[in-house]
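Peer 1: mmCIF, C-alpha atoms and all ligand atoms, file upload10.cif:
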```
data_data
#
loop_
_atom_site.label_atom_id
_atom_site.label_comp_id
_atom_site.auth_asym_id
_atom_site.auth_seq_id
_atom_site.Cartn_x
_atom_site.Cartn_y
_atom_site.Cartn_z
CA MET A 11 -79.65 -18.13 7.39
CA LYS A 12 -76.30 -19.91 7.54
CA ASN A 13 -75.48 -18.07 10.78
CA VAL A 14 -78.86 -18.99 12.29
CA ARG A 15 -78.09 -22.67 11.63
CA LYS A 16 -74.55 -22.33 12.98
CA TYR A 17 -75.67 -20.69 16.21
CA TRP A 18 -78.93 -22.63 16.51
CA HIS A 19 -78.19 -24.15 19.93
CA ALA A 20 -77.27 -20.74 21.39
CA ILE A 21 -80.45 -19.23 19.96
CA MET A 22 -82.61 -22.12 21.18
CA ILE A 23 -81.33 -21.85 24.77
CA LEU A 24 -81.89 -18.09 24.73
CA ILE A 25 -85.46 -18.57 23.49
CA VAL A 26 -86.20 -21.20 26.18
CA PHE A 27 -84.85 -18.98 28.98
CA GLU A 28 -86.59 -15.86 27.65
CA ALA A 29 -89.87 -17.79 27.47
CA VAL A 30 -89.42 -18.82 31.12
CA ALA A 31 -88.37 -15.25 32.09
CA VAL A 32 -91.37 -13.57 30.46
CA THR A 33 -93.86 -16.21 31.64
CA LEU A 34 -92.74 -15.93 35.26
CA TRP A 35 -92.51 -12.14 35.12
CA LEU A 36 -96.09 -11.88 33.91
CA THR A 37 -97.64 -14.67 35.97
CA LYS A 38 -95.84 -13.70 39.19
CA ASN A 39 -95.97 -9.96 38.47
CA ASN A 40 -92.35 -9.76 39.58
CA LEU A 41 -89.69 -8.08 37.43
CA PHE A 42 -86.95 -10.05 39.20
CA TYR A 43 -87.80 -13.16 37.16
CA LEU A 44 -87.36 -11.30 33.91
CA PHE A 45 -83.93 -10.12 35.01
CA ASN A 46 -82.89 -13.43 36.57
CA PHE A 47 -83.74 -15.83 33.77
CA SER A 48 -82.73 -13.38 31.03
CA TYR A 49 -79.31 -13.01 32.67
CA ILE A 50 -78.83 -16.77 33.01
CA GLY A 51 -80.12 -17.46 29.50
CA MET A 52 -77.85 -14.79 27.99
CA SER A 53 -74.83 -16.09 29.92
CA ILE A 54 -75.39 -19.67 28.73
CA SER A 55 -76.08 -18.58 25.15
CA LEU A 56 -72.92 -16.47 25.22
CA GLY A 57 -70.98 -19.58 26.30
CA ILE A 58 -72.42 -21.68 23.48
CA PHE A 59 -71.71 -18.85 21.03
CA LEU A 60 -68.09 -18.64 22.22
CA PHE A 61 -67.76 -22.41 22.04
CA ILE A 62 -68.95 -22.44 18.43
CA ARG A 63 -66.36 -19.75 17.77
CA LYS A 64 -63.79 -22.12 19.31
CA ASN A 65 -63.00 -20.03 22.37
CA LYS A 66 -61.30 -22.46 24.75
CA HIS A 67 -62.54 -20.63 27.86
CA ALA A 68 -66.19 -20.58 26.78
CA ARG A 69 -67.52 -22.99 29.40
CA ARG A 70 -65.50 -21.50 32.25
CA ILE A 71 -66.74 -18.00 31.39
CA VAL A 72 -70.38 -19.16 31.69
CA GLN A 73 -69.63 -21.09 34.88
CA LEU A 74 -68.23 -17.95 36.48
CA LEU A 75 -70.95 -15.63 35.16
CA VAL A 76 -73.80 -17.85 36.41
CA GLY A 77 -72.11 -19.50 39.40
CA LEU A 78 -70.92 -16.24 40.98
CA TYR A 79 -74.29 -14.59 40.33
CA MET A 80 -76.11 -17.39 42.12
CA LEU A 81 -73.66 -17.78 44.97
CA VAL A 82 -72.88 -14.13 45.70
CA TYR A 83 -75.93 -12.20 44.53
CA LEU A 84 -78.80 -14.63 45.14
CA GLY A 85 -77.26 -16.59 48.01
CA LEU A 86 -75.23 -14.09 50.02
CA ILE A 87 -76.80 -10.72 49.14
CA CYS A 88 -80.45 -11.70 48.62
CA ARG A 89 -80.17 -14.45 51.26
CA GLU A 90 -81.97 -17.07 49.16
CA ASN A 91 -80.98 -20.61 50.05
CA MET A 92 -80.64 -22.13 46.56
CA GLN A 93 -79.25 -25.41 47.82
CA ILE A 94 -81.38 -28.50 48.19
CA GLU A 95 -82.35 -27.53 51.76
CA GLY A 96 -83.78 -24.29 50.37
CA PHE A 97 -85.78 -26.28 47.84
CA TRP A 98 -87.31 -28.45 50.58
CA TYR A 99 -87.94 -25.39 52.71
CA TYR A 100 -89.86 -23.47 50.05
CA LEU A 101 -91.64 -26.63 48.94
CA PHE A 102 -92.89 -27.30 52.49
CA THR A 103 -94.01 -23.72 52.94
CA GLY A 104 -95.92 -24.02 49.65
CA VAL A 105 -94.11 -21.06 48.15
CA PHE A 106 -93.37 -21.39 44.46
CA GLU A 107 -90.59 -18.83 44.50
CA ALA A 108 -86.82 -18.57 44.02
CA ALA A 109 -85.44 -21.97 45.07
CA THR A 110 -88.44 -24.04 43.96
CA ILE A 111 -88.53 -22.31 40.58
CA HIS A 112 -84.77 -22.67 40.27
CA TYR A 113 -85.00 -26.42 40.93
CA ALA A 114 -87.95 -26.88 38.59
CA VAL A 115 -86.15 -25.12 35.74
CA ALA A 116 -82.51 -26.10 36.20
CA LYS A 117 -82.66 -29.46 37.91
CA ILE A 118 -86.00 -31.20 37.43
CA PHE A 119 -87.78 -30.30 34.17
CA GLY A 120 -85.02 -28.36 32.36
CA PRO A 121 -82.81 -31.49 32.14
CA LEU A 122 -85.42 -32.97 29.81
CA ILE A 123 -84.14 -30.40 27.31
CA PHE A 124 -80.56 -29.60 28.28
CA GLY A 125 -79.58 -32.63 30.35
CA ARG A 126 -77.01 -31.83 33.00
CA GLY A 127 -76.06 -28.53 31.44
CA TRP A 128 -76.47 -27.08 34.94
CA CYS A 129 -73.52 -29.17 36.09
CA GLY A 130 -71.30 -28.13 33.22
CA TYR A 131 -72.15 -24.44 33.00
CA ALA A 132 -73.78 -23.04 36.09
CA CYS A 133 -73.12 -24.89 39.35
CA TRP A 134 -71.14 -22.77 41.81
CA THR A 135 -69.69 -25.85 43.52
CA ALA A 136 -68.24 -27.24 40.29
CA MET A 137 -67.15 -23.71 39.36
CA VAL A 138 -64.50 -24.03 42.08
CA LEU A 139 -63.81 -27.78 41.67
CA ASP A 140 -63.03 -27.31 37.98
CA PHE A 141 -60.02 -25.14 38.93
CA LEU A 142 -58.38 -28.17 40.59
CA PRO A 143 -55.69 -30.14 38.76
CA TYR A 144 -57.52 -33.43 37.99
CA LYS A 145 -59.64 -32.41 35.03
CA VAL A 146 -59.52 -35.97 33.72
CA PRO A 147 -59.93 -38.64 36.41
CA ALA A 148 -56.63 -40.34 37.19
CA GLN A 149 -58.27 -43.33 38.86
CA PRO A 150 -61.09 -45.71 37.84
CA ARG A 151 -64.60 -44.86 38.96
CA ARG A 152 -65.65 -46.26 42.34
CA LYS A 153 -68.91 -47.93 43.15
CA ILE A 154 -69.92 -45.55 45.91
CA GLY A 155 -72.56 -43.51 44.10
CA TRP A 156 -75.08 -44.70 46.72
CA ILE A 157 -73.73 -41.99 49.04
CA ARG A 158 -75.78 -39.43 47.08
CA TYR A 159 -78.99 -41.02 48.37
CA ILE A 160 -77.80 -40.62 51.94
CA THR A 161 -76.97 -36.93 51.49
CA PHE A 162 -80.30 -36.47 49.71
CA ALA A 163 -82.16 -38.10 52.63
CA LEU A 164 -80.16 -36.10 55.21
CA SER A 165 -81.10 -32.81 53.56
CA LEU A 166 -84.77 -33.81 53.60
CA ILE A 167 -84.61 -35.01 57.22
CA PHE A 168 -82.85 -31.79 58.31
CA VAL A 169 -85.55 -29.50 56.88
CA SER A 170 -88.42 -31.82 57.96
CA ALA A 171 -87.06 -31.80 61.51
CA LEU A 172 -87.04 -27.98 61.55
CA PHE A 173 -90.67 -27.94 60.47
CA LEU A 174 -91.74 -30.66 62.91
CA ALA A 175 -90.00 -28.85 65.76
CA LYS A 176 -91.78 -25.65 64.66
CA VAL A 177 -88.53 -23.76 64.88
CA VAL A 178 -88.83 -19.99 64.82
CA GLN A 179 -86.59 -17.81 62.64
CA MET A 180 -86.52 -20.40 59.88
CA GLU A 181 -85.39 -17.83 57.30
CA LYS A 182 -82.31 -17.08 59.38
CA ILE A 183 -81.53 -20.77 59.84
CA MET A 184 -81.87 -21.39 56.11
CA PHE A 185 -79.42 -18.57 55.40
CA TRP A 186 -76.85 -20.05 57.76
CA ALA A 187 -77.56 -23.52 56.38
CA PHE A 188 -76.65 -22.10 52.98
CA ILE A 189 -73.32 -20.76 54.29
CA VAL A 190 -72.42 -23.91 56.24
CA GLY A 191 -73.67 -26.21 53.45
CA ASN A 192 -71.52 -24.47 50.88
CA LEU A 193 -68.45 -24.56 53.08
CA LEU A 194 -69.03 -28.28 53.61
CA TYR A 195 -69.53 -28.92 49.90
CA TYR A 196 -66.36 -27.05 49.01
CA GLY A 197 -64.36 -28.72 51.78
CA ILE A 198 -65.51 -32.24 50.96
CA GLY A 199 -65.37 -31.63 47.21
CA ILE A 200 -61.77 -30.38 47.30
CA ALA A 201 -60.63 -33.14 49.68
CA LEU A 202 -62.25 -35.84 47.51
CA ALA A 203 -60.81 -34.38 44.32
CA PHE A 204 -57.28 -34.77 45.73
CA ALA A 205 -57.97 -38.14 47.40
CA PHE A 206 -59.47 -39.68 44.23
CA ARG A 207 -57.42 -37.53 41.83
CA ASP A 208 -60.65 -36.52 40.15
CA ASN A 209 -62.05 -32.96 40.17
CA ARG A 210 -65.60 -34.24 39.78
CA ALA A 211 -65.52 -36.92 42.50
CA PHE A 212 -68.01 -34.91 44.58
CA CYS A 213 -70.42 -34.80 41.63
CA LYS A 214 -70.09 -38.55 41.03
CA TYR A 215 -70.56 -39.80 44.57
CA ILE A 216 -71.86 -37.18 47.01
CA CYS A 217 -74.02 -34.50 45.41
CA PRO A 218 -77.68 -35.00 46.43
CA ILE A 219 -78.98 -33.01 43.47
CA THR A 220 -77.98 -35.80 41.10
CA VAL A 221 -80.94 -37.76 42.50
CA PHE A 222 -83.08 -35.37 40.40
CA LEU A 223 -80.61 -34.73 37.63
CA LYS A 224 -79.73 -38.28 36.62
CA PRO A 225 -83.18 -39.73 35.83
CA MET A 226 -84.40 -36.55 34.12
CA SER A 227 -81.29 -36.13 31.96
CA TYR A 228 -81.73 -39.70 30.71
CA PHE A 229 -84.44 -38.28 28.41
CA SER A 230 -82.49 -35.15 27.46
CA LEU A 231 -83.20 -33.63 24.07
CA ILE A 232 -79.69 -32.19 23.79
CA ARG A 233 -77.07 -34.92 24.01
CA ILE A 234 -73.71 -35.88 22.57
CA GLN A 235 -74.15 -38.16 19.56
CA CYS A 236 -71.52 -40.04 17.59
CA ASN A 237 -71.45 -40.27 13.82
CA GLN A 238 -70.46 -43.91 13.48
CA ASP A 239 -69.40 -43.43 9.85
CA LYS A 240 -66.73 -40.92 10.88
CA CYS A 241 -65.58 -42.56 14.14
CA VAL A 242 -62.30 -44.48 13.92
CA HIS A 243 -62.59 -45.84 17.50
CA CYS A 244 -59.40 -44.15 18.69
CA GLY A 245 -60.91 -43.78 22.19
CA LYS A 246 -59.67 -40.22 22.72
CA CYS A 247 -63.15 -38.93 23.61
CA LYS A 248 -63.43 -41.45 26.45
CA ARG A 249 -59.98 -40.60 27.76
CA VAL A 250 -60.72 -36.87 28.07
CA CYS A 251 -64.22 -37.23 29.56
CA PRO A 252 -64.31 -35.95 33.16
CA MET A 253 -67.45 -38.01 33.88
CA ASP A 254 -66.41 -41.42 32.45
CA VAL A 255 -69.09 -41.37 29.75
CA ASP A 256 -68.78 -43.41 26.57
CA PRO A 257 -69.82 -40.83 23.96
CA THR A 258 -69.27 -43.25 21.06
CA ASP A 259 -72.37 -45.19 22.10
CA ASN A 260 -75.55 -43.41 21.01
CA ALA A 261 -77.87 -45.47 23.22
CA ARG A 262 -79.55 -43.61 26.08
CA ASN A 263 -78.37 -46.30 28.47
CA ARG A 264 -74.72 -45.90 27.42
CA LYS A 265 -72.02 -46.17 30.06
CA ASN A 266 -72.51 -43.38 32.61
CA GLY A 267 -74.86 -41.70 30.15
CA THR A 268 -76.71 -39.72 32.85
CA GLU A 269 -73.40 -38.30 34.04
CA CYS A 270 -72.74 -36.25 30.90
CA ILE A 271 -72.38 -32.57 31.82
CA LEU A 272 -72.19 -31.42 28.17
CA CYS A 273 -68.71 -29.98 28.77
CA MET A 274 -67.81 -30.69 25.11
CA GLU A 275 -64.29 -31.92 25.91
CA CYS A 276 -64.99 -35.04 23.82
CA VAL A 277 -66.23 -32.94 20.90
CA LYS A 278 -63.19 -30.65 21.05
CA ASN A 279 -60.77 -33.57 21.14
CA CYS A 280 -62.26 -35.86 18.51
CA PRO A 281 -59.78 -35.89 15.62
CA LYS A 282 -62.46 -36.96 13.14
CA HIS A 283 -65.20 -34.50 14.17
CA ALA A 284 -67.45 -37.46 14.73
CA LEU A 285 -69.20 -36.03 17.83
S1 LIG B 1 -73.33 -32.89 40.42
FE1 LIG B 1 -73.92 -31.42 42.01
S2 LIG B 1 -72.01 -30.38 42.61
FE2 LIG B 1 -71.65 -31.42 40.67
S3 LIG B 1 -72.03 -29.88 39.16
FE3 LIG B 1 -73.94 -31.02 39.38
S4 LIG B 1 -75.11 -29.90 40.92
FE4 LIG B 1 -73.01 -29.16 41.03
S1 LIG B 2 -62.49 -39.39 19.57
FE1 LIG B 2 -63.83 -39.34 17.77
S2 LIG B 2 -62.94 -40.86 16.41
FE2 LIG B 2 -62.05 -41.25 18.41
S3 LIG B 2 -63.41 -42.80 19.36
FE3 LIG B 2 -64.17 -40.79 19.96
S4 LIG B 2 -65.73 -40.28 18.45
FE4 LIG B 2 -64.51 -41.93 17.57
S1 LIG B 3 -66.56 -35.14 27.65
FE1 LIG B 3 -68.34 -35.40 26.36
S2 LIG B 3 -69.39 -37.19 27.16
FE2 LIG B 3 -67.97 -36.51 28.72
S3 LIG B 3 -69.16 -35.18 30.05
FE3 LIG B 3 -68.17 -33.88 28.53
S4 LIG B 3 -69.68 -33.69 26.88
FE4 LIG B 3 -70.31 -35.42 28.15
#
```
Just give me the structure as structure tokens.
Peer 2:
Amino acid sequence: MKNVRKYWHAIMILIVFEAVAVTLWLTKNNLFYLFNFSYIGMSISLGIFLFIRKNKHARRIVQLLVGLYMLVYLGLICRENMQIEGFWYYLFTGVFEAATIHYAVAKIFGPLIFGRGWCGYACWTAMVLDFLPYKVPAQPRRKIGWIRYITFALSLIFVSALFLAKVVQMEKIMFWAFIVGNLLYYGIGIALAFAFRDNRAFCKYICPITVFLKPMSYFSLIRIQCNQDKCVHCGKCKRVCPMDVDPTDNARNRKNGTECILCMECVKNCPKHAL
């Protein structure tokens, strides 16, 4: 019973993903969904389990397990465009399959439970950016987050234009859009990280997916909370946060609250175990 309590978050995530896996497998009559969501759920639960056991590489292990699976297996081998263009594409064709389901679970409704866990544990763009040297931002945050709305609109315009022009071979175009889009994301993400001395600059200012992620994660069930009785206001948690969140404030509208990627750096570094 003690172990169940200790590993409760890992168990809960596994149950949620298994419920999704089995539901989709049965309703869609497609075994792929059972494999896909079971694999992702098990990878994330393994990460949480390792974190509880104080393994310092826990988050990176999950990032690589899930990120590489999605980028290499789903994206390159299965040729599924899992980027935002793929989401628009499948949405417009009325197909509730890979990319639309992925967005519904990981980026639209899932964040009501696990916030921006996708950004901390699964995103294949951040999987690479997190290897860069600026794990903690070396410069103050800039007020250029509006760029995300432009990239969001551009992705929608791009796919709408393909549909309006009745382009043939859409599947092929979406595959190449996935390749080019990823190369662009990596190129811009790495350049920005060095220019702003902040690994997560791309996430803060450019990524169009945050247009979904931010409002939904505002209501997240799982979130970092501070025990005010234990906190001695040393400020260490804020200094190590890659996303400039103030974890000492328990309000939902705390500073950069919808930016939290649940990376647990604040928790690991709090000398009073207040988080
Ligand atoms: S903000 Fe975008 S690029 Fe960054 S981790 Fe989240 S989904 Fe990935
Ligand atoms: S690191 Fe811990 S003790 Fe220090 S301000 Fe943050 S929550 Fe409080
Ligand atoms: S350091 Fe804490 S507050 Fe900052 S993103 Fe990570 S989990 Fe969230």
Peer 1: Which residues are near ligand LIG 3 (chain B) in this structure, taking near to mean any atom at most 8 Å from a ligand atom and counting all atoms listed in the file? Format them as a list in words.
Peer 2: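 Selection of residues at most 8 Å from ligand LIG 3 (chain B): Arg233, Ile234, Cys247, Lys248, Val250, Cys251, Pro252, Met253, Asp254, Val255, Asp256, Pro257, Gly267, Glu269, Cys270, Ile271, Leu272, Cys273, Met274, Glu275, Cys276 and Val277 of chain A.
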Peer 1: Distance limit 9 Å, reference ligand LIG 1 (chain B), atoms considered: only C-alpha atoms and all ligand atoms. Which residues make the cut? Give them as a ChimeraX atom specification.
Peer 2: /A:117,126-137,139,195,199,210-220,223,269,271
Peer 1: Residues of chain A that have any atom at most 8 Å from an atom of ligand LIG 2 (chain B): could you tabulate them with the shortest-distance atom pair and the distance in Å to one decimal, using only C-alpha atoms and all ligand atoms, ordered by chain and increasing number, as a tab-separated table?
Peer 2:
```
residue	atom	partner	partner_atom	distance
A:Cys236	CA	B:LIG2	S4	5.9
A:Asn237	CA	B:LIG2	S4	7.4
A:Gln238	CA	B:LIG2	FE4	7.5
A:Lys240	CA	B:LIG2	S2	6.7
A:Cys241	CA	B:LIG2	FE4	3.6
A:Val242	CA	B:LIG2	S2	4.4
A:His243	CA	B:LIG2	S3	3.7
A:Cys244	CA	B:LIG2	FE2	3.9
A:Gly245	CA	B:LIG2	S3	3.9
A:Lys246	CA	B:LIG2	S1	4.3
A:Cys247	CA	B:LIG2	S1	4.1
A:Lys248	CA	B:LIG2	FE3	6.6
A:Pro257	CA	B:LIG2	S4	6.9
A:Thr258	CA	B:LIG2	S4	5.3
A:Cys276	CA	B:LIG2	S1	6.6
A:Val277	CA	B:LIG2	FE1	7.5
A:Asn279	CA	B:LIG2	S1	6.3
A:Cys280	CA	B:LIG2	S1	3.7
A:Pro281	CA	B:LIG2	FE1	5.7
A:Lys282	CA	B:LIG2	S2	5.1
A:His283	CA	B:LIG2	FE1	6.2
A:Ala284	CA	B:LIG2	S4	5.0
A:Leu285	CA	B:LIG2	S4	5.5
```
Peer 1: Between CA of Met92 (chain A) and CA of Pro143 (chain A), what is the distance in Å, rounded to a tenth?
Peer 2: 27.3 Å
Peer 1: How far is it from CA of Gly197 (chain A) to CA of Gly77 (chain A), in Å with one decimal?
Peer 2: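 CA of Gly77 (chain A) lies at a distance of 17.3 Å from CA of Gly197 (chain A).
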Peer 1: Grab the CA of Ile200 (chain A) to CA of Ala187 (chain A) distance for me, in Å with one decimal place.
Peer 2: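 Between CA of Ile200 (chain A) and CA of Ala187 (chain A) the gap is 19.5 Å.
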Peer 1: Residues within 10 Å of Pro150 (chain A), please, as a PyMOL selection string. Count only C-alpha atoms; anything in the same chain fewer than 2 positions from it doesn't count.
Peer 2: chain A and resi 147-148+152-153+206-208+254
Peer 1: Which is closer to Tyr79 (chain A) than all the others in A:Val169, A:Arg151, A:Tyr49, A:Lys224, using all atoms listed in the file?
Peer 2: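 Of the candidates, the smallest distance to Tyr79 (chain A) is held by A:Tyr49.
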Peer 1: Find the residues around region 171-182 of chain A up to 12 Å (all atoms listed in the file counted), leave out those fewer than 5 positions away in its own chain, and share them as a list in words.
Peer 2: Cys88, Arg89, Glu90, Asn91, Glu95, Gly96, Trp98, Tyr99, Tyr100, Leu101, Phe102, Thr103, Ala163, Leu164, Ser165, Leu166, Ala187, Phe188 and Ile189 of chain A
Peer 1: For Asp140 (chain A), which of A:Leu60, A:Ala203, A:Ala261, A:Leu44 is the closest residue, counting all atoms listed in the file?
Peer 2: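 Nearest to Asp140 (chain A): A:Ala203.
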Peer 1: What's around Thr33 (chain A) at 10 Å? Count all atoms listed in the file, leave out sequence neighbours fewer than 5 positions away in its own chain, and write the answer as a list in words.
Peer 2: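 Surrounding residues, per the criterion: Phe27, Glu28, Lys38, Asn39, Tyr43 and Leu44 of chain A.
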Peer 1: Compare A:Arg249, A:His112, A:Lys66, A:Arg264 by their minimum atom-to-atom distance to Gln149 (chain A), counting only C-alpha atoms, and give me the closest one.
Peer 2: A:Arg249
Peer 1: In terms of the shortest atom-to-atom distance over all atoms listed in the file, which of A:Phe222, A:Ile167, A:Tyr83, A:Phe229 is closest to Tyr113 (chain A)?
Peer 2: A:Phe222
Peer 1: For region 20-23 of chain A, please output as a list in words all residues within 6 Å (counting all atoms listed in the file; exclusion window: fewer than 5 positions along the same chain).
Peer 2: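 Close residues of region 20-23 of chain A: Ser55, Ile58 and Phe59 of chain A.
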